[in-house]
Amino acid sequence: MARMIRHEKNAPYEVPEGTELPLYICACGLSKNKPFCDGTHKRTRDEAAGEVYLYDEAGRIQVKNQY
């Protein structure tokens with residue numbers, strides 16, 4: 001079953017200690033290398049606050065909220 005999840009953070013979480021290299025965990029939901037960040041969050045930088053978007057390989061569309 002398909003479902004839509006709202007991600008309110010458009011930057012990764014940094015794991016600050018216990019790793020040799022910097023480690024970042026995806027928070028935007030778009031990474032192809034989950035749970036790790038692959039930099040895809042950069043596509044979300046100009047999103048309007050409180051709006052919902054759908055992303056695919058071709059780009060994004062804004063979802064109209066009808067509730």
# chains A, B, ... in the order shown; residues from 1 in each chain; ligands from 1

$ select_by_dssp --residues "chain A" --states "strand (DSSP E or B)" --output "list of chain:residue names"
A:Tyr13, A:Glu14, A:Val15, A:Leu23, A:Tyr24, A:Ile25, A:Phe36, A:Val52, A:Tyr53, A:Leu54, A:Tyr55, A:Asp56, A:Gly59, A:Arg60, A:Ile61, A:Gln62, A:Val63

$ write_last_selection --atoms "N, CA and C atoms" --output "JSON list (two decimals), in the first residue's frame"
[["chain", "number", "residue", "atom", "x", "y", "z"],
["A", 13, "TYR", "N", 20.89, 14.40, 9.70],
["A", 13, "TYR", "CA", 21.32, 14.35, 11.09],
["A", 13, "TYR", "C", 22.77, 13.90, 11.12],
["A", 14, "GLU", "N", 23.62, 14.58, 11.88],
["A", 14, "GLU", "CA", 25.02, 14.18, 11.99],
["A", 14, "GLU", "C", 25.19, 13.31, 13.22],
["A", 15, "VAL", "N", 25.89, 12.19, 13.05],
["A", 15, "VAL", "CA", 26.25, 11.34, 14.18],
["A", 15, "VAL", "C", 27.62, 11.85, 14.64],
["A", 23, "LEU", "N", 29.52, 11.00, 9.83],
["A", 23, "LEU", "CA", 28.42, 10.12, 9.46],
["A", 23, "LEU", "C", 27.13, 10.91, 9.50],
["A", 24, "TYR", "N", 26.37, 10.89, 8.40],
["A", 24, "TYR", "CA", 25.13, 11.64, 8.30],
["A", 24, "TYR", "C", 23.98, 10.70, 7.97],
["A", 25, "ILE", "N", 22.86, 10.86, 8.68],
["A", 25, "ILE", "CA", 21.67, 10.05, 8.50],
["A", 25, "ILE", "C", 20.62, 10.89, 7.77],
["A", 36, "PHE", "N", 21.62, 6.34, 5.17],
["A", 36, "PHE", "CA", 22.67, 7.35, 5.07],
["A", 36, "PHE", "C", 22.31, 8.44, 4.07],
["A", 52, "VAL", "N", 3.41, 20.34, 1.01],
["A", 52, "VAL", "CA", 3.76, 18.94, 0.78],
["A", 52, "VAL", "C", 4.13, 18.77, -0.68],
["A", 53, "TYR", "N", 5.22, 18.02, -0.93],
["A", 53, "TYR", "CA", 5.72, 17.81, -2.29],
["A", 53, "TYR", "C", 5.92, 16.33, -2.56],
["A", 54, "LEU", "N", 5.75, 15.94, -3.81],
["A", 54, "LEU", "CA", 6.09, 14.60, -4.28],
["A", 54, "LEU", "C", 7.32, 14.71, -5.16],
["A", 55, "TYR", "N", 8.29, 13.83, -4.95],
["A", 55, "TYR", "CA", 9.53, 13.83, -5.72],
["A", 55, "TYR", "C", 9.65, 12.54, -6.52],
["A", 56, "ASP", "N", 10.19, 12.66, -7.73],
["A", 56, "ASP", "CA", 10.60, 11.49, -8.51],
["A", 56, "ASP", "C", 11.85, 11.89, -9.28],
["A", 59, "GLY", "N", 11.67, 15.34, -11.11],
["A", 59, "GLY", "CA", 11.53, 16.60, -10.37],
["A", 59, "GLY", "C", 10.56, 16.44, -9.23],
["A", 60, "ARG", "N", 9.78, 17.52, -8.98],
["A", 60, "ARG", "CA", 8.81, 17.48, -7.90],
["A", 60, "ARG", "C", 7.54, 18.21, -8.30],
["A", 61, "ILE", "N", 6.46, 17.87, -7.60],
["A", 61, "ILE", "CA", 5.22, 18.60, -7.75],
["A", 61, "ILE", "C", 4.69, 18.90, -6.36],
["A", 62, "GLN", "N", 3.99, 20.01, -6.24],
["A", 62, "GLN", "CA", 3.39, 20.38, -4.97],
["A", 62, "GLN", "C", 2.03, 19.71, -4.87],
["A", 63, "VAL", "N", 1.75, 19.11, -3.73],
["A", 63, "VAL", "CA", 0.47, 18.44, -3.48],
["A", 63, "VAL", "C", -0.48, 19.46, -2.90]]

$ residues_around --residues "A:Asp38" --least-positions-apart "6" --cutoff "8 Å" --atoms "only C-alpha atoms" --output "tab-separated table (two decimals) with C-alpha atoms, in the first residue's frame"
chain	number	residue	atom	x	y	z
A	26	CYS	CA	18.99	11.01	5.94
A	31	SER	CA	18.30	9.36	-0.19
A	32	LYS	CA	18.94	6.35	-2.43

$ select_by_dssp --residues "chain A" --states "helix (DSSP H, G or I)" --output "NGL selection string"
:A and (40-44)

$ atom_distance --atom1 "atom CA of A:Ala11" --atom2 "atom CA of A:Glu57"
19.3 Å

$ decode --residues "stretch 35-48 of chain A" --atoms "all heavy atoms" --output "mmCIF file, in the first residue's frame"
data_model
loop_
_atom_site.group_PDB
_atom_site.id
_atom_site.type_symbol
_atom_site.label_atom_id
_atom_site.label_comp_id
_atom_site.auth_asym_id
_atom_site.auth_seq_id
_atom_site.Cartn_x
_atom_site.Cartn_y
_atom_site.Cartn_z
ATOM 1 N N PRO A 35 19.987 4.171 5.380
ATOM 2 C CA PRO A 35 19.614 5.358 6.141
ATOM 3 C C PRO A 35 20.610 6.496 6.009
ATOM 4 O O PRO A 35 20.457 7.530 6.655
ATOM 5 C CB PRO A 35 19.589 4.840 7.577
ATOM 6 C CG PRO A 35 20.707 3.837 7.613
ATOM 7 C CD PRO A 35 20.632 3.166 6.244
ATOM 8 N N PHE A 36 21.615 6.339 5.172
ATOM 9 C CA PHE A 36 22.669 7.353 5.074
ATOM 10 C C PHE A 36 22.308 8.442 4.072
ATOM 11 O O PHE A 36 21.604 8.208 3.089
ATOM 12 C CB PHE A 36 23.996 6.701 4.692
ATOM 13 C CG PHE A 36 24.380 5.605 5.637
ATOM 14 C CD1 PHE A 36 24.281 4.287 5.256
ATOM 15 C CD2 PHE A 36 24.796 5.890 6.920
ATOM 16 C CE1 PHE A 36 24.599 3.269 6.123
ATOM 17 C CE2 PHE A 36 25.121 4.885 7.807
ATOM 18 C CZ PHE A 36 25.023 3.568 7.411
ATOM 19 N N CYS A 37 22.803 9.635 4.312
ATOM 20 C CA CYS A 37 22.567 10.776 3.440
ATOM 21 C C CYS A 37 23.430 10.660 2.188
ATOM 22 O O CYS A 37 24.603 10.312 2.262
ATOM 23 C CB CYS A 37 22.921 12.065 4.186
ATOM 24 S SG CYS A 37 22.811 13.531 3.166
ATOM 25 N N ASP A 38 22.842 10.952 1.023
ATOM 26 C CA ASP A 38 23.610 10.980 -0.219
ATOM 27 C C ASP A 38 23.593 12.378 -0.861
ATOM 28 O O ASP A 38 23.981 12.545 -2.003
ATOM 29 C CB ASP A 38 23.108 9.924 -1.211
ATOM 30 C CG ASP A 38 21.704 10.191 -1.709
ATOM 31 O OD1 ASP A 38 21.086 11.198 -1.301
ATOM 32 O OD2 ASP A 38 21.203 9.384 -2.516
ATOM 33 N N GLY A 39 23.117 13.379 -0.130
ATOM 34 C CA GLY A 39 23.104 14.758 -0.625
ATOM 35 C C GLY A 39 21.836 15.142 -1.371
ATOM 36 O O GLY A 39 21.694 16.280 -1.807
ATOM 37 N N THR A 40 20.886 14.227 -1.509
ATOM 38 C CA THR A 40 19.668 14.511 -2.258
ATOM 39 C C THR A 40 18.822 15.597 -1.600
ATOM 40 O O THR A 40 18.020 16.245 -2.263
ATOM 41 C CB THR A 40 18.828 13.222 -2.419
ATOM 42 O OG1 THR A 40 19.682 12.188 -2.900
ATOM 43 C CG2 THR A 40 17.692 13.412 -3.387
ATOM 44 N N HIS A 41 19.009 15.837 -0.304
ATOM 45 C CA HIS A 41 18.239 16.859 0.400
ATOM 46 C C HIS A 41 18.417 18.246 -0.217
ATOM 47 O O HIS A 41 17.594 19.125 -0.010
ATOM 48 C CB HIS A 41 18.620 16.906 1.889
ATOM 49 C CG HIS A 41 20.045 17.273 2.121
ATOM 50 N ND1 HIS A 41 21.050 16.323 2.105
ATOM 51 C CD2 HIS A 41 20.643 18.461 2.340
ATOM 52 C CE1 HIS A 41 22.205 16.931 2.327
ATOM 53 N NE2 HIS A 41 21.979 18.221 2.471
ATOM 54 N N LYS A 42 19.451 18.440 -1.001
ATOM 55 C CA LYS A 42 19.679 19.742 -1.638
ATOM 56 C C LYS A 42 18.524 20.112 -2.568
ATOM 57 O O LYS A 42 18.278 21.286 -2.806
ATOM 58 C CB LYS A 42 20.998 19.733 -2.397
ATOM 59 C CG LYS A 42 22.182 19.579 -1.458
ATOM 60 C CD LYS A 42 23.469 19.385 -2.206
ATOM 61 C CE LYS A 42 24.585 19.093 -1.214
ATOM 62 N NZ LYS A 42 25.783 18.610 -1.863
ATOM 63 N N ARG A 43 17.781 19.102 -3.049
ATOM 64 C CA ARG A 43 16.617 19.361 -3.911
ATOM 65 C C ARG A 43 15.477 20.013 -3.137
ATOM 66 O O ARG A 43 14.556 20.556 -3.736
ATOM 67 C CB ARG A 43 16.117 18.053 -4.520
ATOM 68 C CG ARG A 43 17.113 17.391 -5.441
ATOM 69 C CD ARG A 43 16.678 16.024 -5.891
ATOM 70 N NE ARG A 43 15.426 16.069 -6.650
ATOM 71 C CZ ARG A 43 14.723 15.005 -6.994
ATOM 72 N NH1 ARG A 43 15.131 13.806 -6.649
ATOM 73 N NH2 ARG A 43 13.613 15.131 -7.673
ATOM 74 N N THR A 44 15.502 19.958 -1.806
ATOM 75 C CA THR A 44 14.391 20.443 -0.985
ATOM 76 C C THR A 44 14.628 21.843 -0.425
ATOM 77 O O THR A 44 13.770 22.364 0.288
ATOM 78 C CB THR A 44 14.131 19.489 0.189
ATOM 79 O OG1 THR A 44 15.232 19.552 1.120
ATOM 80 C CG2 THR A 44 13.937 18.063 -0.270
ATOM 81 N N ARG A 45 15.735 22.467 -0.723
ATOM 82 C CA ARG A 45 16.101 23.736 -0.082
ATOM 83 C C ARG A 45 15.103 24.868 -0.307
ATOM 84 O O ARG A 45 14.959 25.732 0.537
ATOM 85 C CB ARG A 45 17.484 24.182 -0.545
ATOM 86 C CG ARG A 45 18.574 23.349 0.049
ATOM 87 C CD ARG A 45 19.923 23.876 -0.332
ATOM 88 N NE ARG A 45 20.953 23.084 0.323
ATOM 89 C CZ ARG A 45 22.194 23.035 -0.075
ATOM 90 N NH1 ARG A 45 22.577 23.737 -1.130
ATOM 91 N NH2 ARG A 45 23.069 22.294 0.563
ATOM 92 N N ASP A 46 14.422 24.884 -1.438
ATOM 93 C CA ASP A 46 13.503 25.994 -1.717
ATOM 94 C C ASP A 46 12.033 25.636 -1.499
ATOM 95 O O ASP A 46 11.140 26.327 -1.971
ATOM 96 C CB ASP A 46 13.709 26.515 -3.132
ATOM 97 C CG ASP A 46 13.430 25.456 -4.194
ATOM 98 O OD1 ASP A 46 13.385 24.268 -3.854
ATOM 99 O OD2 ASP A 46 13.271 25.839 -5.369
ATOM 100 N N GLU A 47 11.768 24.585 -0.726
ATOM 101 C CA GLU A 47 10.383 24.229 -0.407
ATOM 102 C C GLU A 47 9.762 25.300 0.484
ATOM 103 O O GLU A 47 10.417 25.857 1.349
ATOM 104 C CB GLU A 47 10.328 22.899 0.344
ATOM 105 C CG GLU A 47 10.622 21.694 -0.488
ATOM 106 C CD GLU A 47 10.495 20.402 0.308
ATOM 107 O OE1 GLU A 47 10.396 20.457 1.549
ATOM 108 O OE2 GLU A 47 10.521 19.348 -0.320
ATOM 109 N N ALA A 48 8.470 25.551 0.272
ATOM 110 C CA ALA A 48 7.734 26.474 1.126
ATOM 111 C C ALA A 48 7.342 25.755 2.417
ATOM 112 O O ALA A 48 6.948 24.586 2.386
ATOM 113 C CB ALA A 48 6.490 26.974 0.407
#
